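Below is one structure, written out as structure tokens; the observations come after it.
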Amino acid sequence: MTTVAVRLDLSRALLDPASTFESPEAVMKNGDLSTDNKIEILCRWAYDATELAVAEEEGMAGGERSQLDSVLQALDGLTGGFNAEQVAPTKHSGFCLCAKQSTAGASP
């Protein structure tokens, strides 16, 4: 059996993380991505997952399953968490903004 290395298409991963990675854990385990890239991909995935959850809440079910919990766990692991008191009170929250701010001063 031959193993073929597949080069990651970062622009595709940023545009549609769920089509590039099987799970948020796969993003975490990817050794070719920087921590900042992982956070950005997971933030975009979180936004997409939130959009799915909002659509389902509004009666537009039938799409793919949201992985919001897994995405948030992965983000928490990368960023060390976020202050829930600084998250926006909207359906999309602001957890990715908080996650990016918490790692801005950290070294890679």
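Following the order of the structure tokens, first chain is A, next is B, and so on, with residues numbered from 1 inside each chain and ligands from 1 in the order they appear.
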
Query raised in the report: So which residues touch region 36-43 of chain A within 7 Å, counting only C-alpha atoms, skipping near sequence neighbours fewer than 2 positions away, as a PyMOL selection string?
Result: chain A and resi 13-14+17+24+27-28+33-34+45-47+71+75+96

Any chance you could export the current selection's N, CA and C atoms as a PDB file, in the first residue's frame?
ATOM      1  N   ALA A  13      -9.096  25.451   3.013  1.00  0.00           N
ATOM      2  CA  ALA A  13      -9.351  25.154   4.424  1.00  0.00           C
ATOM      3  C   ALA A  13      -9.970  26.354   5.130  1.00  0.00           C
ATOM      4  N   LEU A  14      -9.530  27.553   4.773  1.00  0.00           N
ATOM      5  CA  LEU A  14     -10.092  28.761   5.386  1.00  0.00           C
ATOM      6  C   LEU A  14     -11.499  29.052   4.875  1.00  0.00           C
ATOM      7  N   PRO A  17     -13.699  24.834   6.073  1.00  0.00           N
ATOM      8  CA  PRO A  17     -12.939  23.879   6.879  1.00  0.00           C
ATOM      9  C   PRO A  17     -13.527  22.469   6.899  1.00  0.00           C
ATOM     10  N   PRO A  24     -12.667  18.844  13.829  1.00  0.00           N
ATOM     11  CA  PRO A  24     -11.829  19.884  14.422  1.00  0.00           C
ATOM     12  C   PRO A  24     -10.539  19.301  15.020  1.00  0.00           C
ATOM     13  N   VAL A  27      -7.754  19.297  12.588  1.00  0.00           N
ATOM     14  CA  VAL A  27      -7.087  20.596  12.471  1.00  0.00           C
ATOM     15  C   VAL A  27      -6.010  20.690  13.549  1.00  0.00           C
ATOM     16  N   MET A  28      -6.377  20.316  14.768  1.00  0.00           N
ATOM     17  CA  MET A  28      -5.443  20.376  15.891  1.00  0.00           C
ATOM     18  C   MET A  28      -4.206  19.520  15.650  1.00  0.00           C
ATOM     19  N   LEU A  33       0.290  23.239   9.959  1.00  0.00           N
ATOM     20  CA  LEU A  33      -0.364  24.523  10.226  1.00  0.00           C
ATOM     21  C   LEU A  33       0.233  25.201  11.449  1.00  0.00           C
ATOM     22  N   SER A  34       0.370  26.511  11.377  1.00  0.00           N
ATOM     23  CA  SER A  34       0.787  27.276  12.547  1.00  0.00           C
ATOM     24  C   SER A  34      -0.394  27.366  13.514  1.00  0.00           C
ATOM     25  N   TRP A  45     -14.741  27.743  11.104  1.00  0.00           N
ATOM     26  CA  TRP A  45     -15.580  26.556  11.278  1.00  0.00           C
ATOM     27  C   TRP A  45     -16.645  26.843  12.337  1.00  0.00           C
ATOM     28  N   ALA A  46     -16.275  27.521  13.404  1.00  0.00           N
ATOM     29  CA  ALA A  46     -17.236  27.870  14.451  1.00  0.00           C
ATOM     30  C   ALA A  46     -18.332  28.769  13.897  1.00  0.00           C
ATOM     31  N   TYR A  47     -17.949  29.721  13.059  1.00  0.00           N
ATOM     32  CA  TYR A  47     -18.946  30.602  12.450  1.00  0.00           C
ATOM     33  C   TYR A  47     -19.915  29.794  11.589  1.00  0.00           C
ATOM     34  N   VAL A  71     -15.675  22.070  17.804  1.00  0.00           N
ATOM     35  CA  VAL A  71     -14.872  23.219  17.370  1.00  0.00           C
ATOM     36  C   VAL A  71     -14.496  24.078  18.571  1.00  0.00           C
ATOM     37  N   LEU A  75     -10.789  24.982  19.952  1.00  0.00           N
ATOM     38  CA  LEU A  75     -10.349  26.364  20.163  1.00  0.00           C
ATOM     39  C   LEU A  75      -9.907  26.589  21.605  1.00  0.00           C
ATOM     40  N   CYS A  96     -14.442  33.953  18.812  1.00  0.00           N
ATOM     41  CA  CYS A  96     -13.230  33.942  17.986  1.00  0.00           C
ATOM     42  C   CYS A  96     -12.460  35.235  18.127  1.00  0.00           C
TER      43      CYS A  96
END

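In terms of minimum interatomic distance to Asp76 (chain A), A:Glu25 ranks closest within A:Ala55, A:Asp9, A:Glu25, A:Thr20, counting only C-alpha atoms.
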
Report task. Using CA of Leu10 (chain A) and CA of Glu22 (chain A) as the two end points, give the distance in Å to one decimal. Result -> 15.0 Å

Report summary line: note - CA of Met60 (chain A) and CA of Ser19 (chain A) are separated by 21.0 Å

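Note that CA of Ala18 (chain A) and CA of Gly59 (chain A) are 22.3 Å apart.
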
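Closest to Asp32 (chain A) among A:Leu8, A:Glu58, A:Ser70, A:Asp16 is A:Leu8, based on only C-alpha atoms.
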